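Asks: Have a look at this one.
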Amino acid sequence: MMVVSEIKADNVLICSDLHLCPENLPITNFFCKWVLTQCDNKNINNRPEWLLILGDLFDHWIGDDLINSNKRNTFETIIYKLEKCFLTLKSLNISVGIMHGNRDFLMGDLLLGHLHAKQLDNLVKLKSPDNSSDILLVHGDELCTDDTQHQSFRKLVKTSYWQEQFKSKPIDVRQKIAKSLRTQSETKKTTKSMKIMDVNTNSADIFLAQNNANVLIHGHTHLPGKNILPSGKCRWVIPNWTVNNCGKVIGGAIKVEKNKISQIST
């Protein structure tokens with residue numbers, strides 16, 4: 001699949017952190033309907049050119065061999081609904097790009113092919129057609145540099161050795177490991193401050209300077225909204241998706257249209 005590291009577009013819709021899994025199927029159902037409503041504008045000129053998902057589309061993904069396994073039923077409905085949704089977007093000439101997150105970094109070509117999606121690089125430059133501005137798009141956890149535990153784990157699981165060892169295990173074993181890692185992660189969160197788990201603003205400024213950009217858009221932290229960095233540059237955090245206590249799906253996106261950035265909520 002194509003690796004996209006630079007996108008030139010006037011109109012994009014950016015989502016992140018849906019954490020789709022069999023236990024929260026209502027999010028899949030609602031997201032597919034919602035995104036089609038946002039994208040299927042009768043005025044072709046107002047349609048997004050891209051739907052970009054900046055990581056953690058899935059709550060966990062243990063490897064593409066799950067798709068052809070007799071144990072795929074755990075995610076089969078989710079994949080089918082996403083495939084149908086993204087195929088409709090394709091018919092509207094809207095491209096879908098998906099970035100690896102910290103939960104679904106084992107997504108590969110087989111899954112992306114099923115979803116009619118392109119693989120996004122871990123860093124994407126969103127460029128305006130007139131080259132007047134660059135916006136950096138990342139998942140976000142790489143900039144949470146104060147969370148040293150997460151950074152150590154992230155470094156480990158990104159190695160080819162760890163991934164090859166993990167994917168060599170039976171699917172049942174991988175599923176148990178994934179659930180165990182998820183439980184451990186949630187437990188550790190209760191002992192960490194929000195500041196530690198958030199993006200380090202100085203790291204974000206350095207990152208923008210290194211890549212000659214003034215705006216950063218990311219997910220991961222589940223703290224949506226616009227923030228001003230110490231340098232005066234902007235950082236936008238994409239809304240995460242969840243189901244509230246009343247059973248209502250809550251989520252949203254960041255929209256970039258002609259260099260204007262706005263947050264959309266469900």
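Letters A, B, ... mark the chains of the structure tokens in the order given; residue numbers begin at 1 per chain; ligand numbers begin at 1, in order shown.
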Can you pull out every residue from region 74-229 of chain A that DSSP, working from the backbone, puts in helix (DSSP H, G or I), and format the result as number ranges by chain?
Replies: A: 74-91, 109-114, 141-143, 148-157, 160-167, 171-189, 194-197, 201-210
Asks: Report as a list in words all protein, DNA and RNA residues lying within 8 Å of region 193-199 of chain A, evaluated on only C-alpha atoms, omitting residues in the same chain fewer than 3 positions from it.
Replies: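 Skipping anything fewer than 3 positions along the chain leaves Gly140, Asp141, Leu143, Cys144, Thr145, Asp146, Asp147, Lys189, Thr190, Ser203, Ala204 and Thr221 of chain A.
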Asks: May I have the selected residues written with N, CA and C atoms, as a short mmCIF file (atom, residue, chain, number, x, y, z; two decimals), in the first residue's frame?
Replies:
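That gives us result_15.cif:
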```
data_model
loop_
_atom_site.label_atom_id
_atom_site.label_comp_id
_atom_site.auth_asym_id
_atom_site.auth_seq_id
_atom_site.Cartn_x
_atom_site.Cartn_y
_atom_site.Cartn_z
N GLY A 140 0.38 11.45 18.12
CA GLY A 140 0.53 12.30 19.30
C GLY A 140 1.32 11.69 20.44
N ASP A 141 1.33 10.36 20.56
CA ASP A 141 2.00 9.79 21.73
C ASP A 141 3.51 9.98 21.70
N LEU A 143 5.00 12.59 21.27
CA LEU A 143 5.30 13.89 21.88
C LEU A 143 4.97 13.93 23.37
N CYS A 144 4.46 12.82 23.90
CA CYS A 144 4.20 12.74 25.35
C CYS A 144 5.49 12.30 26.04
N THR A 145 6.50 13.13 25.92
CA THR A 145 7.86 12.75 26.34
C THR A 145 8.05 12.69 27.85
N ASP A 146 7.12 13.28 28.62
CA ASP A 146 7.22 13.19 30.08
C ASP A 146 6.82 11.81 30.59
N ASP A 147 6.06 11.08 29.78
CA ASP A 147 5.61 9.74 30.17
C ASP A 147 6.68 8.74 29.75
N LYS A 189 -2.56 4.38 34.17
CA LYS A 189 -3.10 5.73 34.00
C LYS A 189 -3.61 6.32 35.31
N THR A 190 -4.11 5.46 36.17
CA THR A 190 -4.67 5.94 37.44
C THR A 190 -3.59 6.46 38.38
N SER A 203 8.36 19.96 23.56
CA SER A 203 8.64 18.96 22.52
C SER A 203 7.83 19.26 21.26
N ALA A 204 6.58 19.70 21.45
CA ALA A 204 5.73 20.04 20.31
C ALA A 204 6.30 21.22 19.54
N THR A 221 -4.36 12.02 23.24
CA THR A 221 -4.49 12.47 24.63
C THR A 221 -5.93 12.54 25.13
#
```
Asks: Which residue gives the smallest distance to Asn200 (chain A) among A:Ile171, A:Val237, A:Leu229, A:Leu223, with only C-alpha atoms counted?
Replies: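 For Asn200 (chain A), the nearest of the candidates is A:Leu229.
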Asks: List as number ranges by chain the protein and nucleic acid residues near region 9-23 of chain A, meaning an atom at most 6 Å away when only C-alpha atoms are counted, but skip any in the same chain fewer than 3 places from it.
Replies: A: 48-59, 128-129, 219, 240-241, 253-258
Asks: How would the residues just chosen look if you wrote them out with C-alpha atoms as a PDB file, in the first residue's frame?
Replies:
```
ATOM      1  CA  PRO A  48     -13.578  16.691   1.863  1.00  0.00           C
ATOM      2  CA  GLU A  49     -10.858  15.413  -0.418  1.00  0.00           C
ATOM      3  CA  TRP A  50      -9.601  13.130   2.351  1.00  0.00           C
ATOM      4  CA  LEU A  51     -10.808  11.418   5.500  1.00  0.00           C
ATOM      5  CA  LEU A  52      -7.693  11.069   7.638  1.00  0.00           C
ATOM      6  CA  ILE A  53      -7.646   8.827  10.726  1.00  0.00           C
ATOM      7  CA  LEU A  54      -4.601   9.597  12.866  1.00  0.00           C
ATOM      8  CA  GLY A  55      -4.256   6.370  14.810  1.00  0.00           C
ATOM      9  CA  ASP A  56      -6.139   4.081  17.176  1.00  0.00           C
ATOM     10  CA  LEU A  57      -8.943   3.330  14.758  1.00  0.00           C
ATOM     11  CA  PHE A  58      -8.999   0.013  16.634  1.00  0.00           C
ATOM     12  CA  ASP A  59      -8.704  -0.495  20.373  1.00  0.00           C
ATOM     13  CA  SER A 128      -2.350  23.917   1.097  1.00  0.00           C
ATOM     14  CA  PRO A 129      -2.584  23.807  -2.701  1.00  0.00           C
ATOM     15  CA  GLY A 219      -4.968  12.716  18.795  1.00  0.00           C
ATOM     16  CA  ASN A 240     -11.777  10.848  20.887  1.00  0.00           C
ATOM     17  CA  TRP A 241     -14.837   8.617  20.523  1.00  0.00           C
ATOM     18  CA  ALA A 253     -13.303  15.529  14.204  1.00  0.00           C
ATOM     19  CA  ILE A 254     -11.075  18.375  13.141  1.00  0.00           C
ATOM     20  CA  LYS A 255     -11.893  19.961   9.804  1.00  0.00           C
ATOM     21  CA  VAL A 256      -9.366  21.874   7.736  1.00  0.00           C
ATOM     22  CA  GLU A 257     -10.927  23.875   4.927  1.00  0.00           C
ATOM     23  CA  LYS A 258      -8.919  26.447   2.972  1.00  0.00           C
TER      24      LYS A 258
END
```
Asks: Between CA of Ile62 (chain A) and CA of Asp104 (chain A), measure the distance and give it in Å to one decimal.
Replies: 7.6 Å
Asks: Residues near Phe30 (chain A), anyone? I mean within 10 Å using only C-alpha atoms, not counting same-chain ones fewer than 3 positions away, as a CSV table (one decimal) with N, CA and C atoms, in the first residue's frame.
Replies:
```csv
chain,number,residue,atom,x,y,z
A,25,LEU,N,-19.5,-1.7,19.7
A,25,LEU,CA,-20.0,-1.7,18.4
A,25,LEU,C,-20.8,-0.5,18.0
A,26,PRO,N,-21.6,0.1,19.0
A,26,PRO,CA,-22.3,1.3,18.7
A,26,PRO,C,-21.5,2.5,18.1
A,27,ILE,N,-20.2,2.5,18.5
A,27,ILE,CA,-19.3,3.6,18.0
A,27,ILE,C,-19.1,3.3,16.5
A,33,LYS,N,-22.2,6.2,9.9
A,33,LYS,CA,-23.4,7.1,9.5
A,33,LYS,C,-22.9,8.5,9.6
A,34,TRP,N,-22.3,8.9,10.7
A,34,TRP,CA,-21.9,10.3,10.9
A,34,TRP,C,-20.9,10.8,9.8
A,35,VAL,N,-19.9,10.0,9.5
A,35,VAL,CA,-18.9,10.4,8.6
A,35,VAL,C,-19.4,10.5,7.1
A,248,LYS,N,-25.1,7.2,24.7
A,248,LYS,CA,-25.0,8.0,23.5
A,248,LYS,C,-23.5,8.0,23.1
A,249,VAL,N,-23.3,7.9,21.8
A,249,VAL,CA,-21.9,8.0,21.2
A,249,VAL,C,-21.5,9.5,21.2
A,250,ILE,N,-20.3,9.7,21.7
A,250,ILE,CA,-19.7,11.0,21.7
A,250,ILE,C,-18.4,11.0,21.0
A,251,GLY,N,-18.2,11.9,20.1
A,251,GLY,CA,-17.0,12.0,19.3
A,251,GLY,C,-16.9,13.3,18.5
A,266,THR,N,-20.1,15.5,17.6
A,266,THR,CA,-21.3,14.7,17.2
A,266,THR,C,-22.5,15.3,17.8
```
Asks: Please extract the residues of region 45-263 of chain A with a backbone DSSP assignment of strand (DSSP E or B) and present them as a short mmCIF file (atom, residue, chain, number, x, y, z; two decimals) with all heavy atoms, in the first residue's frame.
Replies:
```cif
data_model
loop_
_atom_site.label_atom_id
_atom_site.label_comp_id
_atom_site.auth_asym_id
_atom_site.auth_seq_id
_atom_site.Cartn_x
_atom_site.Cartn_y
_atom_site.Cartn_z
N TRP A 50 -10.13 14.24 1.57
CA TRP A 50 -9.60 13.13 2.35
C TRP A 50 -10.36 12.99 3.67
O TRP A 50 -10.74 13.98 4.27
CB TRP A 50 -8.13 13.38 2.72
CG TRP A 50 -7.13 13.16 1.63
CD1 TRP A 50 -6.76 14.06 0.66
CD2 TRP A 50 -6.33 11.99 1.41
NE1 TRP A 50 -5.80 13.52 -0.14
CE2 TRP A 50 -5.51 12.26 0.29
CE3 TRP A 50 -6.22 10.76 2.06
CZ2 TRP A 50 -4.59 11.32 -0.19
CZ3 TRP A 50 -5.33 9.83 1.58
CH2 TRP A 50 -4.52 10.11 0.46
N LEU A 51 -10.52 11.74 4.11
CA LEU A 51 -10.81 11.42 5.50
C LEU A 51 -9.51 10.84 6.05
O LEU A 51 -9.03 9.81 5.56
CB LEU A 51 -11.94 10.39 5.62
CG LEU A 51 -12.11 9.77 7.01
CD1 LEU A 51 -12.53 10.82 8.04
CD2 LEU A 51 -13.10 8.61 6.98
N LEU A 52 -8.95 11.51 7.04
CA LEU A 52 -7.69 11.07 7.64
C LEU A 52 -7.95 10.58 9.06
O LEU A 52 -8.57 11.29 9.86
CB LEU A 52 -6.68 12.22 7.65
CG LEU A 52 -6.36 12.85 6.30
CD1 LEU A 52 -5.46 14.06 6.47
CD2 LEU A 52 -5.71 11.82 5.37
N ILE A 53 -7.48 9.38 9.38
CA ILE A 53 -7.65 8.83 10.73
C ILE A 53 -6.25 8.68 11.32
O ILE A 53 -5.45 7.86 10.87
CB ILE A 53 -8.38 7.47 10.68
CG1 ILE A 53 -9.77 7.66 10.06
CG2 ILE A 53 -8.50 6.88 12.10
CD1 ILE A 53 -10.53 6.38 9.84
N LEU A 54 -5.96 9.50 12.33
CA LEU A 54 -4.60 9.60 12.87
C LEU A 54 -4.36 8.64 14.04
O LEU A 54 -3.95 9.04 15.12
CB LEU A 54 -4.30 11.04 13.28
CG LEU A 54 -4.45 12.12 12.21
CD1 LEU A 54 -3.86 13.44 12.71
CD2 LEU A 54 -3.81 11.70 10.90
N PHE A 58 -8.62 1.19 15.85
CA PHE A 58 -9.00 0.01 16.63
C PHE A 58 -8.45 0.12 18.05
O PHE A 58 -7.38 0.68 18.27
CB PHE A 58 -8.47 -1.26 15.97
CG PHE A 58 -9.08 -1.55 14.63
CD1 PHE A 58 -8.39 -1.22 13.47
CD2 PHE A 58 -10.33 -2.12 14.52
CE1 PHE A 58 -8.95 -1.48 12.23
CE2 PHE A 58 -10.90 -2.37 13.29
CZ PHE A 58 -10.21 -2.05 12.13
N SER A 95 -10.62 10.17 -0.61
CA SER A 95 -9.62 9.19 -0.21
C SER A 95 -9.63 9.01 1.31
O SER A 95 -9.91 9.94 2.05
CB SER A 95 -8.22 9.64 -0.66
OG SER A 95 -8.16 9.76 -2.07
N VAL A 96 -9.28 7.80 1.74
CA VAL A 96 -9.19 7.50 3.17
C VAL A 96 -7.74 7.14 3.49
O VAL A 96 -7.15 6.27 2.84
CB VAL A 96 -10.12 6.33 3.56
CG1 VAL A 96 -9.95 6.00 5.05
CG2 VAL A 96 -11.57 6.67 3.25
N GLY A 97 -7.18 7.83 4.47
CA GLY A 97 -5.83 7.54 4.92
C GLY A 97 -5.84 7.19 6.39
O GLY A 97 -6.51 7.85 7.19
N ILE A 98 -5.10 6.14 6.77
CA ILE A 98 -5.09 5.68 8.16
C ILE A 98 -3.65 5.63 8.66
O ILE A 98 -2.78 5.04 8.03
CB ILE A 98 -5.75 4.30 8.30
CG1 ILE A 98 -7.20 4.34 7.78
CG2 ILE A 98 -5.72 3.84 9.75
CD1 ILE A 98 -7.90 3.00 7.82
N MET A 99 -3.44 6.23 9.82
CA MET A 99 -2.13 6.25 10.47
C MET A 99 -2.11 5.22 11.60
O MET A 99 -3.15 4.98 12.23
CB MET A 99 -1.88 7.66 11.04
CG MET A 99 -0.53 7.88 11.67
SD MET A 99 -0.38 9.59 12.34
CE MET A 99 -0.25 10.55 10.82
N LYS A 118 -5.51 4.01 2.40
CA LYS A 118 -4.07 4.15 2.17
C LYS A 118 -3.36 4.28 3.52
O LYS A 118 -3.89 4.86 4.46
CB LYS A 118 -3.77 5.39 1.32
CG LYS A 118 -4.40 5.34 -0.08
CD LYS A 118 -4.13 6.63 -0.83
CE LYS A 118 -4.65 6.57 -2.27
NZ LYS A 118 -6.11 6.47 -2.35
N GLN A 119 -2.16 3.73 3.58
CA GLN A 119 -1.35 3.83 4.79
C GLN A 119 -0.73 5.22 4.89
O GLN A 119 -0.07 5.67 3.96
CB GLN A 119 -0.24 2.79 4.78
CG GLN A 119 0.72 2.88 5.95
CD GLN A 119 0.08 2.48 7.25
OE1 GLN A 119 -0.34 1.33 7.42
NE2 GLN A 119 -0.01 3.40 8.19
N LEU A 120 -0.96 5.89 6.00
CA LEU A 120 -0.30 7.17 6.24
C LEU A 120 1.01 6.93 6.98
O LEU A 120 1.10 6.05 7.83
CB LEU A 120 -1.19 8.08 7.09
CG LEU A 120 -2.53 8.51 6.50
CD1 LEU A 120 -3.31 9.33 7.53
CD2 LEU A 120 -2.34 9.31 5.23
N ASP A 121 2.00 7.74 6.67
CA ASP A 121 3.24 7.69 7.42
C ASP A 121 2.97 8.18 8.85
O ASP A 121 1.93 8.77 9.13
CB ASP A 121 4.28 8.58 6.74
CG ASP A 121 5.70 8.19 7.10
OD1 ASP A 121 5.88 7.29 7.93
OD2 ASP A 121 6.63 8.81 6.55
N ASN A 122 3.93 7.97 9.76
CA ASN A 122 3.75 8.42 11.14
C ASN A 122 3.79 9.93 11.28
O ASN A 122 3.41 10.47 12.32
CB ASN A 122 4.82 7.79 12.04
CG ASN A 122 4.63 6.30 12.19
OD1 ASN A 122 3.50 5.82 12.16
ND2 ASN A 122 5.72 5.56 12.33
N LEU A 123 4.27 10.60 10.25
CA LEU A 123 4.22 12.06 10.19
C LEU A 123 3.72 12.45 8.81
O LEU A 123 4.26 12.01 7.80
CB LEU A 123 5.61 12.68 10.41
CG LEU A 123 5.78 14.15 10.03
CD1 LEU A 123 4.86 15.04 10.86
CD2 LEU A 123 7.23 14.59 10.19
N VAL A 124 2.67 13.24 8.78
CA VAL A 124 2.11 13.71 7.51
C VAL A 124 2.13 15.23 7.49
O VAL A 124 1.74 15.87 8.48
CB VAL A 124 0.66 13.21 7.31
CG1 VAL A 124 0.03 13.84 6.08
CG2 VAL A 124 0.64 11.70 7.20
N LYS A 125 2.58 15.78 6.39
CA LYS A 125 2.49 17.22 6.18
C LYS A 125 1.27 17.50 5.31
O LYS A 125 1.18 17.02 4.19
CB LYS A 125 3.75 17.75 5.48
CG LYS A 125 4.84 18.22 6.41
CD LYS A 125 5.89 19.02 5.66
CE LYS A 125 6.91 19.62 6.62
NZ LYS A 125 7.88 20.48 5.92
N LEU A 126 0.34 18.25 5.87
CA LEU A 126 -0.82 18.68 5.11
C LEU A 126 -0.50 20.05 4.53
O LEU A 126 -0.31 21.02 5.26
CB LEU A 126 -2.06 18.76 6.02
CG LEU A 126 -3.36 19.22 5.38
CD1 LEU A 126 -3.79 18.28 4.26
CD2 LEU A 126 -4.46 19.32 6.44
N LYS A 127 -0.42 20.10 3.21
CA LYS A 127 0.00 21.32 2.53
C LYS A 127 -1.20 21.92 1.80
O LYS A 127 -1.99 21.21 1.18
CB LYS A 127 1.11 21.02 1.52
CG LYS A 127 2.35 20.37 2.14
CD LYS A 127 3.42 20.09 1.11
CE LYS A 127 4.13 21.36 0.68
NZ LYS A 127 4.98 21.93 1.72
N ASP A 134 1.93 24.80 6.03
CA ASP A 134 2.06 23.37 6.31
C ASP A 134 1.50 23.09 7.69
O ASP A 134 1.79 23.80 8.65
CB ASP A 134 3.53 22.94 6.29
CG ASP A 134 4.12 22.92 4.88
OD1 ASP A 134 3.35 23.11 3.92
OD2 ASP A 134 5.34 22.72 4.76
N ILE A 135 0.69 22.04 7.79
CA ILE A 135 0.15 21.58 9.06
C ILE A 135 0.69 20.18 9.30
O ILE A 135 0.63 19.32 8.41
CB ILE A 135 -1.39 21.56 9.03
CG1 ILE A 135 -1.95 22.96 8.81
CG2 ILE A 135 -1.94 20.96 10.32
CD1 ILE A 135 -3.45 23.00 8.59
N LEU A 136 1.24 19.94 10.49
CA LEU A 136 1.77 18.63 10.81
C LEU A 136 0.70 17.76 11.46
O LEU A 136 -0.01 18.21 12.36
CB LEU A 136 2.97 18.75 11.76
CG LEU A 136 4.20 19.48 11.24
CD1 LEU A 136 5.35 19.33 12.25
CD2 LEU A 136 4.65 18.96 9.89
N LEU A 137 0.61 16.52 10.99
CA LEU A 137 -0.35 15.56 11.52
C LEU A 137 0.40 14.36 12.09
O LEU A 137 1.20 13.73 11.39
CB LEU A 137 -1.30 15.08 10.41
CG LEU A 137 -1.97 16.14 9.53
CD1 LEU A 137 -2.83 15.47 8.47
CD2 LEU A 137 -2.78 17.11 10.36
N VAL A 138 0.16 14.05 13.36
CA VAL A 138 0.76 12.87 14.00
C VAL A 138 -0.28 12.24 14.93
O VAL A 138 -1.29 12.87 15.25
CB VAL A 138 2.03 13.23 14.81
CG1 VAL A 138 3.14 13.72 13.91
CG2 VAL A 138 1.72 14.26 15.89
N VAL A 215 1.45 24.79 12.76
CA VAL A 215 0.26 24.18 13.36
C VAL A 215 0.49 22.67 13.49
O VAL A 215 0.99 22.02 12.57
CB VAL A 215 -1.00 24.44 12.51
CG1 VAL A 215 -2.22 23.77 13.16
CG2 VAL A 215 -1.25 25.94 12.36
N LEU A 216 0.09 22.13 14.63
CA LEU A 216 0.15 20.70 14.89
C LEU A 216 -1.25 20.19 15.17
O LEU A 216 -2.00 20.79 15.94
CB LEU A 216 1.05 20.44 16.10
CG LEU A 216 1.12 19.00 16.63
CD1 LEU A 216 1.83 18.10 15.63
CD2 LEU A 216 1.83 18.97 17.99
N ILE A 217 -1.62 19.07 14.54
CA ILE A 217 -2.89 18.40 14.82
C ILE A 217 -2.59 16.97 15.21
O ILE A 217 -1.86 16.26 14.51
CB ILE A 217 -3.84 18.44 13.61
CG1 ILE A 217 -4.21 19.88 13.24
CG2 ILE A 217 -5.10 17.63 13.89
CD1 ILE A 217 -5.09 20.00 12.01
N HIS A 218 -3.13 16.53 16.35
CA HIS A 218 -2.87 15.16 16.81
C HIS A 218 -4.04 14.65 17.63
O HIS A 218 -4.97 15.38 18.00
CB HIS A 218 -1.58 15.13 17.65
CG HIS A 218 -1.67 15.83 18.97
ND1 HIS A 218 -2.18 15.24 20.10
CD2 HIS A 218 -1.32 17.09 19.34
CE1 HIS A 218 -2.13 16.09 21.11
NE2 HIS A 218 -1.62 17.24 20.68
N GLY A 225 -9.46 20.08 21.57
CA GLY A 225 -9.54 21.53 21.58
C GLY A 225 -8.29 22.17 21.02
O GLY A 225 -7.34 21.51 20.60
N LYS A 226 -8.29 23.48 21.05
CA LYS A 226 -7.18 24.28 20.55
C LYS A 226 -6.31 24.75 21.71
O LYS A 226 -6.81 25.20 22.74
CB LYS A 226 -7.72 25.50 19.78
CG LYS A 226 -6.65 26.41 19.21
CD LYS A 226 -7.28 27.60 18.50
CE LYS A 226 -6.24 28.56 17.94
NZ LYS A 226 -6.85 29.73 17.27
N ASN A 227 -5.00 24.61 21.54
CA ASN A 227 -4.04 25.05 22.56
C ASN A 227 -2.99 25.95 21.91
O ASN A 227 -2.61 25.74 20.76
CB ASN A 227 -3.34 23.85 23.19
CG ASN A 227 -4.31 22.88 23.84
OD1 ASN A 227 -4.61 23.01 25.01
ND2 ASN A 227 -4.78 21.91 23.07
N ILE A 228 -2.52 26.92 22.66
CA ILE A 228 -1.43 27.77 22.18
C ILE A 228 -0.14 27.32 22.86
O ILE A 228 -0.06 27.26 24.09
CB ILE A 228 -1.70 29.25 22.48
CG1 ILE A 228 -3.04 29.69 21.86
CG2 ILE A 228 -0.56 30.12 21.94
CD1 ILE A 228 -3.12 29.53 20.36
N CYS A 234 0.06 27.00 17.17
CA CYS A 234 -1.18 26.33 17.57
C CYS A 234 -1.05 24.80 17.59
O CYS A 234 -0.37 24.22 16.74
CB CYS A 234 -2.32 26.70 16.62
SG CYS A 234 -2.85 28.41 16.75
N ARG A 235 -1.72 24.21 18.55
CA ARG A 235 -1.83 22.76 18.65
C ARG A 235 -3.31 22.41 18.80
O ARG A 235 -3.98 22.88 19.72
CB ARG A 235 -1.05 22.25 19.86
CG ARG A 235 -1.22 20.77 20.15
CD ARG A 235 -0.27 20.29 21.23
NE ARG A 235 -0.61 20.77 22.56
CZ ARG A 235 -1.25 20.05 23.48
NH1 ARG A 235 -1.65 18.81 23.20
NH2 ARG A 235 -1.50 20.55 24.69
N TRP A 236 -3.82 21.61 17.87
CA TRP A 236 -5.20 21.16 17.92
C TRP A 236 -5.23 19.68 18.27
O TRP A 236 -4.51 18.88 17.67
CB TRP A 236 -5.89 21.37 16.58
CG TRP A 236 -6.24 22.79 16.26
CD1 TRP A 236 -5.42 23.75 15.75
CD2 TRP A 236 -7.52 23.40 16.40
NE1 TRP A 236 -6.09 24.92 15.58
CE2 TRP A 236 -7.40 24.75 15.97
CE3 TRP A 236 -8.77 22.97 16.86
CZ2 TRP A 236 -8.47 25.65 15.97
CZ3 TRP A 236 -9.83 23.86 16.86
CH2 TRP A 236 -9.68 25.18 16.42
N VAL A 237 -6.09 19.31 19.23
CA VAL A 237 -6.24 17.92 19.63
C VAL A 237 -7.59 17.41 19.14
O VAL A 237 -8.63 18.03 19.37
CB VAL A 237 -6.15 17.75 21.16
CG1 VAL A 237 -6.17 16.26 21.53
CG2 VAL A 237 -4.88 18.40 21.70
N THR A 242 -16.30 7.81 22.27
CA THR A 242 -16.67 6.97 23.41
C THR A 242 -18.19 6.88 23.50
O THR A 242 -18.91 7.56 22.76
CB THR A 242 -16.07 7.54 24.71
OG1 THR A 242 -16.30 6.63 25.77
CG2 THR A 242 -16.70 8.88 25.06
N VAL A 243 -18.67 6.06 24.41
CA VAL A 243 -20.11 5.95 24.70
C VAL A 243 -20.32 6.42 26.13
O VAL A 243 -19.68 5.91 27.05
CB VAL A 243 -20.60 4.50 24.53
CG1 VAL A 243 -22.09 4.42 24.84
CG2 VAL A 243 -20.33 3.98 23.13
N VAL A 249 -23.28 7.95 21.78
CA VAL A 249 -21.93 8.01 21.24
C VAL A 249 -21.47 9.46 21.17
O VAL A 249 -22.17 10.32 20.64
CB VAL A 249 -21.86 7.37 19.83
CG1 VAL A 249 -20.46 7.53 19.23
CG2 VAL A 249 -22.23 5.89 19.90
N ILE A 250 -20.30 9.71 21.71
CA ILE A 250 -19.71 11.04 21.73
C ILE A 250 -18.40 11.00 20.95
O ILE A 250 -17.57 10.12 21.17
CB ILE A 250 -19.43 11.52 23.17
CG1 ILE A 250 -20.69 11.45 24.03
CG2 ILE A 250 -18.84 12.92 23.17
CD1 ILE A 250 -21.79 12.38 23.59
N GLY A 252 -16.13 13.22 17.40
CA GLY A 252 -16.02 14.39 16.56
C GLY A 252 -14.80 14.32 15.68
O GLY A 252 -14.20 13.25 15.46
N ALA A 253 -14.41 15.47 15.16
CA ALA A 253 -13.30 15.53 14.20
C ALA A 253 -12.75 16.94 14.17
O ALA A 253 -13.32 17.87 14.73
CB ALA A 253 -13.79 15.12 12.81
N ILE A 254 -11.63 17.08 13.49
CA ILE A 254 -11.08 18.38 13.14
C ILE A 254 -11.24 18.54 11.63
O ILE A 254 -10.93 17.63 10.87
CB ILE A 254 -9.58 18.48 13.50
CG1 ILE A 254 -9.39 18.40 15.02
CG2 ILE A 254 -8.98 19.78 12.96
CD1 ILE A 254 -9.90 19.58 15.80
N LYS A 255 -11.75 19.68 11.23
CA LYS A 255 -11.89 19.96 9.80
C LYS A 255 -10.94 21.06 9.40
O LYS A 255 -10.81 22.08 10.10
CB LYS A 255 -13.33 20.37 9.49
CG LYS A 255 -13.59 20.54 7.98
CD LYS A 255 -15.06 20.78 7.68
CE LYS A 255 -15.30 20.81 6.18
NZ LYS A 255 -16.74 20.99 5.86
N VAL A 256 -10.23 20.84 8.31
CA VAL A 256 -9.37 21.87 7.74
C VAL A 256 -9.91 22.20 6.36
O VAL A 256 -9.98 21.34 5.47
CB VAL A 256 -7.91 21.39 7.62
CG1 VAL A 256 -7.03 22.51 7.06
CG2 VAL A 256 -7.37 20.94 8.97
N GLU A 257 -10.34 23.44 6.19
CA GLU A 257 -10.93 23.87 4.93
C GLU A 257 -10.34 25.23 4.55
O GLU A 257 -10.54 26.21 5.26
CB GLU A 257 -12.45 23.97 5.05
CG GLU A 257 -13.14 24.27 3.73
CD GLU A 257 -14.65 24.20 3.85
OE1 GLU A 257 -15.17 24.07 4.98
OE2 GLU A 257 -15.33 24.26 2.80
N LYS A 260 -8.52 27.06 7.17
CA LYS A 260 -9.29 27.35 8.37
C LYS A 260 -9.52 26.04 9.14
O LYS A 260 -10.02 25.06 8.57
CB LYS A 260 -10.63 27.98 8.03
CG LYS A 260 -11.48 28.33 9.24
CD LYS A 260 -12.82 28.95 8.84
CE LYS A 260 -13.67 29.23 10.07
NZ LYS A 260 -15.00 29.78 9.69
N ILE A 261 -9.15 26.04 10.42
CA ILE A 261 -9.26 24.83 11.24
C ILE A 261 -10.42 24.98 12.22
O ILE A 261 -10.54 26.01 12.89
CB ILE A 261 -7.95 24.57 12.01
CG1 ILE A 261 -6.77 24.46 11.04
CG2 ILE A 261 -8.06 23.31 12.85
CD1 ILE A 261 -5.43 24.37 11.71
N SER A 262 -11.25 23.95 12.33
CA SER A 262 -12.37 23.99 13.27
C SER A 262 -12.61 22.59 13.82
O SER A 262 -12.26 21.58 13.21
CB SER A 262 -13.64 24.52 12.60
OG SER A 262 -13.99 23.72 11.48
N GLN A 263 -13.22 22.55 15.00
CA GLN A 263 -13.57 21.28 15.62
C GLN A 263 -15.04 21.01 15.40
O GLN A 263 -15.88 21.90 15.58
CB GLN A 263 -13.25 21.30 17.11
CG GLN A 263 -13.59 19.99 17.81
CD GLN A 263 -13.20 20.01 19.29
OE1 GLN A 263 -12.07 20.30 19.63
NE2 GLN A 263 -14.17 19.68 20.14
#
```
Asks: Determine the nearest neighbour of Gly113 (chain A) from the options A:Asp64, A:Asp130, A:Glu186, A:Glu76, counting only C-alpha atoms.
Replies: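 Between A:Asp64, A:Asp130, A:Glu186, A:Glu76, the residue approaching Gly113 (chain A) most closely is A:Asp64.
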Asks: Rounded to one decimal place, report the CA of Glu83 (chain A)-CA of Ser168 (chain A) distance in Å.
Replies: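 According to the coordinates, CA of Glu83 (chain A) and CA of Ser168 (chain A) are separated by 26.9 Å.
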Asks: Which distance in Å separates CA of Trp61 (chain A) and CA of Asp40 (chain A), to one decimal?
Replies: 29.0 Å
Asks: Any idea what's packed within 9 Å of Leu115 (chain A), counting only C-alpha atoms, ignoring anything in its chain fewer than 2 positions away? Could you give it as an MDAnalysis selection string?
Replies: chainID A and resid 79:80 82:87 96 110:113 117:118
Asks: Let me make sure I understand: among A:Glu142, A:Thr74, A:His114, A:Pro224, which one has the smallest atom-to-atom distance to His60 (chain A) if we use only C-alpha atoms?
Replies: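 That would be A:Thr74, the residue with the smallest distance to His60 (chain A).
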